[in-house]
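*Asks:* Just one file: upload-v6.txt, with compact mmCIF, N, CA and C atoms.
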```txt
# COMPACT_ATOMS: atom_id res chain seq x y z
N GLN N 207 24.03 -0.16 -7.68
CA GLN N 207 22.72 -0.46 -7.14
C GLN N 207 22.82 -0.75 -5.64
N VAL N 208 21.68 -0.69 -5.01
CA VAL N 208 21.61 -0.96 -3.57
C VAL N 208 20.58 -2.05 -3.33
N GLN N 209 20.95 -3.05 -2.58
CA GLN N 209 20.03 -4.13 -2.23
C GLN N 209 19.66 -4.00 -0.74
N LEU N 210 18.39 -4.22 -0.46
CA LEU N 210 17.88 -4.09 0.90
C LEU N 210 17.13 -5.35 1.29
N VAL N 211 17.43 -5.88 2.46
CA VAL N 211 16.75 -7.08 2.94
C VAL N 211 16.23 -6.82 4.34
N GLU N 212 14.91 -6.88 4.49
CA GLU N 212 14.29 -6.67 5.79
C GLU N 212 14.12 -7.98 6.54
N SER N 213 14.05 -7.87 7.84
CA SER N 213 13.74 -9.02 8.68
C SER N 213 13.17 -8.51 10.00
N GLY N 214 12.58 -9.41 10.76
CA GLY N 214 12.11 -9.06 12.09
C GLY N 214 10.61 -8.92 12.24
N GLY N 215 9.87 -9.02 11.15
CA GLY N 215 8.42 -8.92 11.27
C GLY N 215 7.84 -10.15 11.95
N GLY N 216 6.55 -10.08 12.23
CA GLY N 216 5.89 -11.21 12.86
C GLY N 216 4.58 -10.82 13.47
N LEU N 217 4.07 -11.72 14.31
CA LEU N 217 2.80 -11.53 14.99
C LEU N 217 3.07 -11.19 16.45
N VAL N 218 2.44 -10.14 16.93
CA VAL N 218 2.64 -9.71 18.32
C VAL N 218 1.32 -9.20 18.87
N GLN N 219 1.15 -9.31 20.16
CA GLN N 219 -0.06 -8.78 20.79
C GLN N 219 0.06 -7.27 20.98
N ALA N 220 -1.08 -6.62 21.03
CA ALA N 220 -1.11 -5.18 21.29
C ALA N 220 -0.35 -4.88 22.57
N GLY N 221 0.45 -3.82 22.52
CA GLY N 221 1.29 -3.45 23.65
C GLY N 221 2.68 -4.04 23.60
N GLY N 222 2.89 -4.98 22.69
CA GLY N 222 4.18 -5.63 22.56
C GLY N 222 5.16 -4.84 21.72
N SER N 223 6.31 -5.44 21.48
CA SER N 223 7.38 -4.79 20.74
C SER N 223 7.95 -5.71 19.67
N LEU N 224 8.48 -5.09 18.64
CA LEU N 224 9.22 -5.79 17.59
C LEU N 224 10.35 -4.88 17.14
N ARG N 225 11.40 -5.49 16.65
CA ARG N 225 12.46 -4.72 16.03
C ARG N 225 12.69 -5.22 14.62
N LEU N 226 12.52 -4.31 13.67
CA LEU N 226 12.78 -4.62 12.27
C LEU N 226 14.22 -4.25 11.93
N SER N 227 14.80 -5.04 11.05
CA SER N 227 16.15 -4.77 10.56
C SER N 227 16.12 -4.66 9.05
N CYS N 228 17.00 -3.82 8.54
CA CYS N 228 17.14 -3.65 7.09
C CYS N 228 18.64 -3.64 6.78
N ALA N 229 19.08 -4.71 6.17
CA ALA N 229 20.51 -4.84 5.82
C ALA N 229 20.71 -4.36 4.40
N ALA N 230 21.61 -3.41 4.23
CA ALA N 230 21.91 -2.85 2.92
C ALA N 230 23.22 -3.41 2.38
N SER N 231 23.26 -3.61 1.08
CA SER N 231 24.50 -4.06 0.42
C SER N 231 24.59 -3.40 -0.94
N GLY N 232 25.72 -3.57 -1.57
CA GLY N 232 25.93 -2.95 -2.87
C GLY N 232 26.55 -1.58 -2.70
N SER N 233 26.07 -0.62 -3.46
CA SER N 233 26.66 0.73 -3.46
C SER N 233 26.10 1.57 -2.31
N THR N 234 26.36 1.12 -1.11
CA THR N 234 25.80 1.81 0.06
C THR N 234 26.38 3.21 0.24
N PHE N 235 27.53 3.47 -0.39
CA PHE N 235 28.13 4.81 -0.30
C PHE N 235 27.20 5.86 -0.89
N SER N 236 26.32 5.42 -1.78
CA SER N 236 25.47 6.37 -2.52
C SER N 236 24.20 6.76 -1.76
N VAL N 237 23.98 6.12 -0.61
CA VAL N 237 22.72 6.34 0.10
C VAL N 237 22.77 7.64 0.89
N ASN N 238 21.80 8.52 0.64
CA ASN N 238 21.69 9.79 1.35
C ASN N 238 20.73 9.71 2.53
N GLY N 239 19.75 8.84 2.39
CA GLY N 239 18.76 8.71 3.45
C GLY N 239 18.18 7.31 3.39
N ILE N 240 17.68 6.86 4.51
CA ILE N 240 17.12 5.53 4.59
C ILE N 240 15.97 5.56 5.58
N GLY N 241 15.01 4.68 5.38
CA GLY N 241 13.88 4.70 6.30
C GLY N 241 12.91 3.57 6.06
N TRP N 242 11.74 3.75 6.62
CA TRP N 242 10.70 2.74 6.58
C TRP N 242 9.36 3.35 6.16
N TYR N 243 8.69 2.63 5.27
CA TYR N 243 7.31 2.90 4.93
C TYR N 243 6.50 1.68 5.35
N ARG N 244 5.20 1.85 5.37
CA ARG N 244 4.32 0.72 5.61
C ARG N 244 3.08 0.85 4.76
N GLN N 245 2.47 -0.29 4.49
CA GLN N 245 1.25 -0.30 3.71
C GLN N 245 0.29 -1.33 4.30
N ALA N 246 -0.84 -0.83 4.77
CA ALA N 246 -1.89 -1.69 5.30
C ALA N 246 -2.85 -2.05 4.17
N PRO N 247 -3.57 -3.14 4.32
CA PRO N 247 -4.52 -3.56 3.26
C PRO N 247 -5.51 -2.45 2.93
N GLY N 248 -5.63 -2.16 1.65
CA GLY N 248 -6.58 -1.15 1.20
C GLY N 248 -6.17 0.27 1.43
N LYS N 249 -4.93 0.48 1.90
CA LYS N 249 -4.46 1.84 2.17
C LYS N 249 -3.21 2.14 1.36
N GLN N 250 -2.92 3.42 1.25
CA GLN N 250 -1.72 3.83 0.54
C GLN N 250 -0.48 3.62 1.42
N ARG N 251 0.64 3.46 0.75
CA ARG N 251 1.90 3.34 1.48
C ARG N 251 2.19 4.67 2.17
N GLU N 252 2.61 4.60 3.43
CA GLU N 252 2.88 5.82 4.18
C GLU N 252 4.25 5.76 4.84
N LEU N 253 4.85 6.92 4.98
CA LEU N 253 6.15 7.02 5.64
C LEU N 253 5.98 6.77 7.13
N VAL N 254 6.85 5.94 7.68
CA VAL N 254 6.85 5.67 9.12
C VAL N 254 7.98 6.44 9.79
N ALA N 255 9.19 6.29 9.27
CA ALA N 255 10.34 6.96 9.86
C ALA N 255 11.45 7.02 8.83
N ARG N 256 12.28 8.06 8.94
CA ARG N 256 13.42 8.16 8.04
C ARG N 256 14.59 8.77 8.77
N LEU N 257 15.75 8.45 8.27
CA LEU N 257 17.01 8.86 8.88
C LEU N 257 17.91 9.38 7.77
N SER N 258 18.35 10.62 7.92
CA SER N 258 19.21 11.20 6.90
C SER N 258 20.65 10.81 7.14
N SER N 259 21.50 11.04 6.15
CA SER N 259 22.91 10.73 6.30
C SER N 259 23.54 11.58 7.39
N GLY N 260 22.93 12.74 7.67
CA GLY N 260 23.44 13.61 8.73
C GLY N 260 22.96 13.24 10.11
N GLY N 261 22.03 12.27 10.15
CA GLY N 261 21.57 11.80 11.45
C GLY N 261 20.23 12.33 11.89
N SER N 262 19.62 13.22 11.12
CA SER N 262 18.32 13.74 11.52
C SER N 262 17.24 12.69 11.25
N THR N 263 16.20 12.74 12.05
CA THR N 263 15.12 11.76 11.94
C THR N 263 13.77 12.44 11.77
N ASN N 264 12.87 11.75 11.12
CA ASN N 264 11.48 12.18 10.99
C ASN N 264 10.59 10.98 11.24
N TYR N 265 9.48 11.23 11.91
CA TYR N 265 8.53 10.16 12.21
C TYR N 265 7.12 10.60 11.83
N ALA N 266 6.33 9.63 11.46
CA ALA N 266 4.90 9.88 11.29
C ALA N 266 4.31 10.21 12.66
N ASP N 267 3.34 11.09 12.67
CA ASP N 267 2.73 11.47 13.94
C ASP N 267 2.18 10.26 14.68
N SER N 268 1.70 9.30 13.94
CA SER N 268 1.04 8.14 14.55
C SER N 268 2.02 7.23 15.30
N VAL N 269 3.32 7.38 15.05
CA VAL N 269 4.29 6.49 15.70
C VAL N 269 5.25 7.24 16.62
N LYS N 270 5.17 8.56 16.66
CA LYS N 270 6.08 9.34 17.51
C LYS N 270 5.96 8.90 18.97
N GLY N 271 7.11 8.72 19.59
CA GLY N 271 7.14 8.30 20.98
C GLY N 271 7.06 6.80 21.16
N ARG N 272 6.75 6.08 20.10
CA ARG N 272 6.65 4.62 20.19
C ARG N 272 7.71 3.91 19.34
N PHE N 273 8.04 4.48 18.19
CA PHE N 273 9.00 3.87 17.27
C PHE N 273 10.29 4.68 17.28
N THR N 274 11.40 3.97 17.08
CA THR N 274 12.70 4.63 17.00
C THR N 274 13.50 4.03 15.85
N ILE N 275 14.00 4.89 14.98
CA ILE N 275 14.86 4.45 13.88
C ILE N 275 16.31 4.69 14.28
N SER N 276 17.15 3.72 13.94
CA SER N 276 18.57 3.85 14.25
C SER N 276 19.37 3.09 13.21
N ARG N 277 20.68 3.24 13.25
CA ARG N 277 21.51 2.54 12.27
C ARG N 277 22.81 2.09 12.89
N ASP N 278 23.36 1.05 12.30
CA ASP N 278 24.69 0.57 12.65
C ASP N 278 25.50 0.65 11.37
N ASN N 279 26.34 1.67 11.26
CA ASN N 279 27.09 1.89 10.02
C ASN N 279 28.05 0.74 9.73
N ALA N 280 28.61 0.16 10.77
CA ALA N 280 29.55 -0.94 10.57
C ALA N 280 28.89 -2.15 9.93
N LYS N 281 27.59 -2.31 10.20
CA LYS N 281 26.85 -3.44 9.66
C LYS N 281 25.99 -3.05 8.46
N ASN N 282 26.02 -1.77 8.09
CA ASN N 282 25.14 -1.28 7.01
C ASN N 282 23.70 -1.71 7.24
N THR N 283 23.27 -1.54 8.46
CA THR N 283 21.94 -1.99 8.85
C THR N 283 21.18 -0.87 9.55
N VAL N 284 19.92 -0.75 9.20
CA VAL N 284 19.02 0.20 9.84
C VAL N 284 17.97 -0.58 10.60
N TYR N 285 17.60 -0.06 11.77
CA TYR N 285 16.64 -0.73 12.62
C TYR N 285 15.41 0.15 12.85
N LEU N 286 14.31 -0.50 13.09
CA LEU N 286 13.11 0.20 13.52
C LEU N 286 12.61 -0.51 14.76
N GLN N 287 12.82 0.10 15.91
CA GLN N 287 12.32 -0.43 17.16
C GLN N 287 10.90 0.04 17.35
N MET N 288 10.00 -0.90 17.48
CA MET N 288 8.58 -0.57 17.59
C MET N 288 8.06 -1.05 18.94
N ASN N 289 7.66 -0.11 19.77
CA ASN N 289 7.13 -0.40 21.09
C ASN N 289 5.66 -0.01 21.18
N SER N 290 5.00 -0.51 22.18
CA SER N 290 3.58 -0.18 22.42
C SER N 290 2.77 -0.34 21.14
N LEU N 291 2.95 -1.46 20.49
CA LEU N 291 2.30 -1.68 19.20
C LEU N 291 0.78 -1.74 19.34
N LYS N 292 0.13 -1.24 18.31
CA LYS N 292 -1.33 -1.19 18.26
C LYS N 292 -1.82 -1.98 17.04
N PRO N 293 -3.05 -2.45 17.08
CA PRO N 293 -3.58 -3.17 15.90
C PRO N 293 -3.48 -2.36 14.62
N GLU N 294 -3.60 -1.04 14.73
CA GLU N 294 -3.51 -0.20 13.53
C GLU N 294 -2.10 -0.09 12.97
N ASP N 295 -1.12 -0.65 13.67
CA ASP N 295 0.24 -0.71 13.13
C ASP N 295 0.41 -1.91 12.19
N THR N 296 -0.59 -2.75 12.10
CA THR N 296 -0.53 -3.91 11.21
C THR N 296 -0.37 -3.47 9.77
N ALA N 297 0.66 -3.96 9.11
CA ALA N 297 0.96 -3.57 7.74
C ALA N 297 2.18 -4.36 7.26
N VAL N 298 2.44 -4.23 5.98
CA VAL N 298 3.74 -4.67 5.45
C VAL N 298 4.68 -3.49 5.55
N TYR N 299 5.81 -3.71 6.16
CA TYR N 299 6.80 -2.64 6.36
C TYR N 299 7.92 -2.80 5.34
N TYR N 300 8.21 -1.70 4.67
CA TYR N 300 9.22 -1.69 3.61
C TYR N 300 10.37 -0.76 4.00
N CYS N 301 11.55 -1.24 3.81
CA CYS N 301 12.73 -0.42 3.96
C CYS N 301 13.03 0.25 2.62
N TYR N 302 13.48 1.49 2.67
CA TYR N 302 13.87 2.17 1.43
C TYR N 302 15.17 2.91 1.66
N ALA N 303 15.87 3.13 0.55
CA ALA N 303 17.12 3.90 0.60
C ALA N 303 17.10 4.88 -0.57
N ARG N 304 17.39 6.12 -0.27
CA ARG N 304 17.39 7.18 -1.30
C ARG N 304 18.83 7.44 -1.74
N SER N 305 19.02 7.44 -3.04
CA SER N 305 20.36 7.66 -3.58
C SER N 305 20.32 8.78 -4.59
N SER N 306 21.03 9.85 -4.30
CA SER N 306 21.14 10.93 -5.28
C SER N 306 22.10 10.54 -6.40
N TYR N 307 23.02 9.66 -6.10
CA TYR N 307 23.97 9.18 -7.11
C TYR N 307 23.22 8.46 -8.23
N PHE N 308 22.30 7.57 -7.85
CA PHE N 308 21.51 6.84 -8.83
C PHE N 308 20.19 7.55 -9.15
N THR N 309 19.93 8.65 -8.49
CA THR N 309 18.71 9.44 -8.67
C THR N 309 17.46 8.58 -8.59
N ARG N 310 17.40 7.74 -7.55
CA ARG N 310 16.22 6.90 -7.36
C ARG N 310 16.20 6.34 -5.95
N ASP N 311 15.06 5.79 -5.60
CA ASP N 311 14.91 5.08 -4.33
C ASP N 311 15.01 3.58 -4.60
N PHE N 312 15.58 2.88 -3.64
CA PHE N 312 15.63 1.43 -3.68
C PHE N 312 14.72 0.89 -2.57
N TRP N 313 14.13 -0.27 -2.81
CA TRP N 313 13.16 -0.83 -1.86
C TRP N 313 13.50 -2.27 -1.51
N GLY N 314 13.19 -2.63 -0.28
CA GLY N 314 13.26 -4.02 0.12
C GLY N 314 11.98 -4.74 -0.27
N GLN N 315 11.93 -6.02 0.07
CA GLN N 315 10.79 -6.84 -0.34
C GLN N 315 9.62 -6.73 0.62
N GLY N 316 9.86 -6.16 1.78
CA GLY N 316 8.79 -5.99 2.75
C GLY N 316 8.75 -7.10 3.79
N THR N 317 8.30 -6.74 4.98
CA THR N 317 8.13 -7.73 6.04
C THR N 317 6.80 -7.45 6.75
N GLN N 318 6.05 -8.50 6.99
CA GLN N 318 4.71 -8.36 7.56
C GLN N 318 4.78 -8.19 9.07
N VAL N 319 4.06 -7.18 9.54
CA VAL N 319 3.88 -6.99 10.98
C VAL N 319 2.38 -7.07 11.26
N THR N 320 2.01 -7.96 12.15
CA THR N 320 0.61 -8.13 12.52
C THR N 320 0.48 -7.97 14.03
N VAL N 321 -0.39 -7.04 14.43
CA VAL N 321 -0.60 -6.78 15.85
C VAL N 321 -2.03 -7.19 16.20
N SER N 322 -2.16 -8.15 17.07
CA SER N 322 -3.48 -8.64 17.46
C SER N 322 -4.00 -7.89 18.68
N SER N 323 -5.30 -7.74 18.73
CA SER N 323 -5.91 -7.00 19.85
C SER N 323 -6.24 -7.92 21.01
```
Let me see the file written as structure tokens.

*Replies:*
Amino acid sequence: QVQLVESGGGLVQAGGSLRLSCAASGSTFSVNGIGWYRQAPGKQRELVARLSSGGSTNYADSVKGRFTISRDNAKNTVYLQMNSLKPEDTAVYYCYARSSYFTRDFWGQGTQVTVSS
């Protein structure tokens, strides 16, 4: 199994920055891809950014140029640097890890990001 723990959420003014962290533990060898989703009140969960084991990245159009996903393999940690934050970025952000070995996705508990106008 893979355990994921997010941190770094909080309250920030529009135009500000936050960096989210996702620390992975357990069978991290099995992870093929890792990334971030978010869910705003009354909305469906949406993909924000993902990073494959080969290093390729994908971003939602709404965050391109503002958010950057990266990883530190030595720390088994993935980061989401969020710049130029907007009120519409307010959501609970979830880290996920995809494992073909376990044929499932693993999820963190979520961290709240609130951007005030």

*Asks:* N:Ser268, N:Val321, N:Met288, N:Phe312: which is nearest Ser223 in chain N, counting all atoms listed in the file?

*Replies:*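 The closest residue to Ser223 in chain N is N:Met288.
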
*Asks:* Out of N:Gly215, N:Gln209, N:Phe308, N:Phe273, which residue has the shortest atom-to-atom distance to Thr320 in chain N when counting all atoms listed in the file?

*Replies:*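 Selected residue with least distance to Thr320 in chain N: N:Gly215.
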
*Asks:* So which one's closest to Cys301 in chain N, N:Ser258, N:Ser231, N:Thr317, N:Asn289? Using only C-alpha atoms, please.

*Replies:*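 Of all the options, N:Thr317 lies closest to Cys301 in chain N.
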
*Asks:* Which polymer residues, protein or nucleic acid, are no farther than 8 Å from (4.0, 4.3, 4.8), counting only N, CA and C atoms, as a ChimeraX atom specification?

*Replies:* /N:242-246,250-255,298-300

*Asks:* Could you tell me which of N:Leu224, N:Leu217, N:Ile240, N:Val284 comes closest to Gln318 in chain N if we count all atoms listed in the file?

*Replies:*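 Of the candidates, the smallest distance to Gln318 in chain N is held by N:Leu217.
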
*Asks:* Can you measure atom N of Ser227 in chain N to atom N of Tyr285 in chain N for me? One decimal in Å is fine.

*Replies:*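 Calculated distance between atom N of Ser227 in chain N and atom N of Tyr285 in chain N is 5.8 Å.
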
*Asks:* Provide the CA of Val237 in chain N to atom C of Val319 in chain N distance in Å, to one decimal place.

*Replies:*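 Interatomic distance here is 26.8 Å.
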
*Asks:* Please identify the strand (DSSP E or B) residues within range 249-286 of chain N (assignment by DSSP from backbone atoms) and present them as a compact mmCIF listing (two decimals) with N, CA and C atoms, in the frame of the given file.

*Replies:*
```
# COMPACT_ATOMS: atom_id res chain seq x y z
N GLU N 252 2.61 4.60 3.43
CA GLU N 252 2.88 5.82 4.18
C GLU N 252 4.25 5.76 4.84
N LEU N 253 4.85 6.92 4.98
CA LEU N 253 6.15 7.02 5.64
C LEU N 253 5.98 6.77 7.13
N VAL N 254 6.85 5.94 7.68
CA VAL N 254 6.85 5.67 9.12
C VAL N 254 7.98 6.44 9.79
N ALA N 255 9.19 6.29 9.27
CA ALA N 255 10.34 6.96 9.86
C ALA N 255 11.45 7.02 8.83
N ARG N 256 12.28 8.06 8.94
CA ARG N 256 13.42 8.16 8.04
C ARG N 256 14.59 8.77 8.77
N LEU N 257 15.75 8.45 8.27
CA LEU N 257 17.01 8.86 8.88
C LEU N 257 17.91 9.38 7.77
N SER N 258 18.35 10.62 7.92
CA SER N 258 19.21 11.20 6.90
C SER N 258 20.65 10.81 7.14
N THR N 263 16.20 12.74 12.05
CA THR N 263 15.12 11.76 11.94
C THR N 263 13.77 12.44 11.77
N ASN N 264 12.87 11.75 11.12
CA ASN N 264 11.48 12.18 10.99
C ASN N 264 10.59 10.98 11.24
N TYR N 265 9.48 11.23 11.91
CA TYR N 265 8.53 10.16 12.21
C TYR N 265 7.12 10.60 11.83
N PHE N 273 8.04 4.48 18.19
CA PHE N 273 9.00 3.87 17.27
C PHE N 273 10.29 4.68 17.28
N THR N 274 11.40 3.97 17.08
CA THR N 274 12.70 4.63 17.00
C THR N 274 13.50 4.03 15.85
N ILE N 275 14.00 4.89 14.98
CA ILE N 275 14.86 4.45 13.88
C ILE N 275 16.31 4.69 14.28
N SER N 276 17.15 3.72 13.94
CA SER N 276 18.57 3.85 14.25
C SER N 276 19.37 3.09 13.21
N ARG N 277 20.68 3.24 13.25
CA ARG N 277 21.51 2.54 12.27
C ARG N 277 22.81 2.09 12.89
N ASP N 278 23.36 1.05 12.30
CA ASP N 278 24.69 0.57 12.65
C ASP N 278 25.50 0.65 11.37
N THR N 283 23.27 -1.54 8.46
CA THR N 283 21.94 -1.99 8.85
C THR N 283 21.18 -0.87 9.55
N VAL N 284 19.92 -0.75 9.20
CA VAL N 284 19.02 0.20 9.84
C VAL N 284 17.97 -0.58 10.60
N TYR N 285 17.60 -0.06 11.77
CA TYR N 285 16.64 -0.73 12.62
C TYR N 285 15.41 0.15 12.85
N LEU N 286 14.31 -0.50 13.09
CA LEU N 286 13.11 0.20 13.52
C LEU N 286 12.61 -0.51 14.76
```

*Asks:* Will you model N, CA, C and O atoms for range 210-235 of chain N and pass it back as a short mmCIF file (atom, residue, chain, number, x, y, z; two decimals), in the coordinates of the input?

*Replies:*
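So selection10.cif came out as:
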```
data_model
loop_
_atom_site.label_atom_id
_atom_site.label_comp_id
_atom_site.auth_asym_id
_atom_site.auth_seq_id
_atom_site.Cartn_x
_atom_site.Cartn_y
_atom_site.Cartn_z
N LEU N 210 18.39 -4.22 -0.46
CA LEU N 210 17.88 -4.09 0.90
C LEU N 210 17.13 -5.35 1.29
O LEU N 210 16.28 -5.83 0.53
N VAL N 211 17.43 -5.88 2.46
CA VAL N 211 16.75 -7.08 2.94
C VAL N 211 16.23 -6.82 4.34
O VAL N 211 17.01 -6.56 5.27
N GLU N 212 14.91 -6.88 4.49
CA GLU N 212 14.29 -6.67 5.79
C GLU N 212 14.12 -7.98 6.54
O GLU N 212 13.99 -9.05 5.93
N SER N 213 14.05 -7.87 7.84
CA SER N 213 13.74 -9.02 8.68
C SER N 213 13.17 -8.51 10.00
O SER N 213 13.26 -7.31 10.30
N GLY N 214 12.58 -9.41 10.76
CA GLY N 214 12.11 -9.06 12.09
C GLY N 214 10.61 -8.92 12.24
O GLY N 214 10.12 -8.68 13.34
N GLY N 215 9.87 -9.02 11.15
CA GLY N 215 8.42 -8.92 11.27
C GLY N 215 7.84 -10.15 11.95
O GLY N 215 8.54 -11.13 12.23
N GLY N 216 6.55 -10.08 12.23
CA GLY N 216 5.89 -11.21 12.86
C GLY N 216 4.58 -10.82 13.47
O GLY N 216 4.03 -9.75 13.20
N LEU N 217 4.07 -11.72 14.31
CA LEU N 217 2.80 -11.53 14.99
C LEU N 217 3.07 -11.19 16.45
O LEU N 217 3.85 -11.88 17.12
N VAL N 218 2.44 -10.14 16.93
CA VAL N 218 2.64 -9.71 18.32
C VAL N 218 1.32 -9.20 18.87
O VAL N 218 0.48 -8.70 18.11
N GLN N 219 1.15 -9.31 20.16
CA GLN N 219 -0.06 -8.78 20.79
C GLN N 219 0.06 -7.27 20.98
O GLN N 219 1.16 -6.74 21.08
N ALA N 220 -1.08 -6.62 21.03
CA ALA N 220 -1.11 -5.18 21.29
C ALA N 220 -0.35 -4.88 22.57
O ALA N 220 -0.47 -5.60 23.57
N GLY N 221 0.45 -3.82 22.52
CA GLY N 221 1.29 -3.45 23.65
C GLY N 221 2.68 -4.04 23.60
O GLY N 221 3.56 -3.64 24.37
N GLY N 222 2.89 -4.98 22.69
CA GLY N 222 4.18 -5.63 22.56
C GLY N 222 5.16 -4.84 21.72
O GLY N 222 4.87 -3.71 21.29
N SER N 223 6.31 -5.44 21.48
CA SER N 223 7.38 -4.79 20.74
C SER N 223 7.95 -5.71 19.67
O SER N 223 7.89 -6.94 19.80
N LEU N 224 8.48 -5.09 18.64
CA LEU N 224 9.22 -5.79 17.59
C LEU N 224 10.35 -4.88 17.14
O LEU N 224 10.23 -3.65 17.22
N ARG N 225 11.40 -5.49 16.65
CA ARG N 225 12.46 -4.72 16.03
C ARG N 225 12.69 -5.22 14.62
O ARG N 225 13.00 -6.39 14.41
N LEU N 226 12.52 -4.31 13.67
CA LEU N 226 12.78 -4.62 12.27
C LEU N 226 14.22 -4.25 11.93
O LEU N 226 14.75 -3.26 12.44
N SER N 227 14.80 -5.04 11.05
CA SER N 227 16.15 -4.77 10.56
C SER N 227 16.12 -4.66 9.05
O SER N 227 15.35 -5.33 8.38
N CYS N 228 17.00 -3.82 8.54
CA CYS N 228 17.14 -3.65 7.09
C CYS N 228 18.64 -3.64 6.78
O CYS N 228 19.33 -2.67 7.12
N ALA N 229 19.08 -4.71 6.17
CA ALA N 229 20.51 -4.84 5.82
C ALA N 229 20.71 -4.36 4.40
O ALA N 229 20.07 -4.86 3.47
N ALA N 230 21.61 -3.41 4.23
CA ALA N 230 21.91 -2.85 2.92
C ALA N 230 23.22 -3.41 2.38
O ALA N 230 24.16 -3.65 3.15
N SER N 231 23.26 -3.61 1.08
CA SER N 231 24.50 -4.06 0.42
C SER N 231 24.59 -3.40 -0.94
O SER N 231 23.64 -2.79 -1.42
N GLY N 232 25.72 -3.57 -1.57
CA GLY N 232 25.93 -2.95 -2.87
C GLY N 232 26.55 -1.58 -2.70
O GLY N 232 27.45 -1.40 -1.90
N SER N 233 26.07 -0.62 -3.46
CA SER N 233 26.66 0.73 -3.46
C SER N 233 26.10 1.57 -2.31
O SER N 233 25.48 2.62 -2.52
N THR N 234 26.36 1.12 -1.11
CA THR N 234 25.80 1.81 0.06
C THR N 234 26.38 3.21 0.24
O THR N 234 25.79 4.04 0.91
N PHE N 235 27.53 3.47 -0.39
CA PHE N 235 28.13 4.81 -0.30
C PHE N 235 27.20 5.86 -0.89
O PHE N 235 27.28 7.03 -0.56
#
```
